[in-house]
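Engineer: First the structure, then my questions, so here it is.
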Amino acid sequence: MNKIALNGLEKAGDIYIPGDQSLPSFSESNFINEHQRILSFISKDDRAALELLLTIFGLTPLFILKILFNKVVNYHHYPEFIKTLCRTINVGIKGIVCALYFSGLEEENPNYPQILKTIGWQPKRAKANEDLEMKSLIERHDFNSMI
């Protein structure tokens, strides 16, 4: 992902997670350094579209992005085709930001802020076994999926 797109993701992240007295903003957390963990699960076409959108965000002044995000979040009175686009943008971008911020990556890297500890959340993690049969089935029958 290009630097302008990463800047756009950081701006969007700071809109969703501006931080407070006890928690850092998204950009202060430095979790953006782990963006490849999320992007590796996105199909090539979706990744290209996401990079384009984030590049536009990166080139857009922050105050305009805040207005845009406010409109995207409050989409209920728009026509249906615009509602769909707004929901997609909101859920997609917010999902990436929150997945990075609340991922528990501080367990792997003590240099990251202790987000989960600060909010008092102790997730129970189970290691998933790779399901090769399911992976093969999906790859054979769904040409839009990349696993």
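Note on naming: chains are A, B, ... as they come in the structure tokens, residues start from 1 per chain, ligands start from 1 in the order shown.
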Skip region 47-64 of chain A itself and residues of its chain fewer than 6 positions away, then list as a count of residues only all residues within 9 Å of it, counting only C-alpha atoms.
Structural biologist: 17
Engineer: Which residues, written as a list of chain:residue names, have at least one atom at most 12 Å from Arg125 (chain A), with only C-alpha atoms counted and residues fewer than 3 positions away on the same chain left out?
Structural biologist: A:Ser103, A:Gly104, A:Glu107, A:Gln122, A:Ala128
Engineer: Generate a file of the selected residues that holds C-alpha atoms, formatted as a PDB file, in the first residue's frame.
Structural biologist:
ATOM      1  CA  SER A 103      -6.330  -6.911  18.011  1.00  0.00           C
ATOM      2  CA  GLY A 104      -4.168  -7.586  21.047  1.00  0.00           C
ATOM      3  CA  GLU A 107       1.016  -9.243  23.314  1.00  0.00           C
ATOM      4  CA  GLN A 122      -9.075 -10.364  28.417  1.00  0.00           C
ATOM      5  CA  ALA A 128      -7.786 -22.469  14.649  1.00  0.00           C
TER       6      ALA A 128
END
Engineer: Given the choices A:Tyr112, A:Tyr16, A:Tyr75, A:Phe31, which gets closest to Leu100 (chain A) if the distance is worked out from only C-alpha atoms?
Structural biologist: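 Ranking A:Tyr112, A:Tyr16, A:Tyr75, A:Phe31 by distance to Leu100 (chain A), first place goes to A:Phe31.
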Engineer: Between A:Ile89, A:Leu137, A:Leu23, A:Ile17, which one has atoms that come closest to Lys117 (chain A), using only C-alpha atoms?
Structural biologist: A:Leu23
Engineer: Could you pull out the alpha helix (DSSP H) residues of region 7-142 of chain A from DSSP and send them as a PyMOL selection string?
Structural biologist: chain A and resi 7-16+26-29+35-39+44-59+62-73+80-101+115-119+132-141
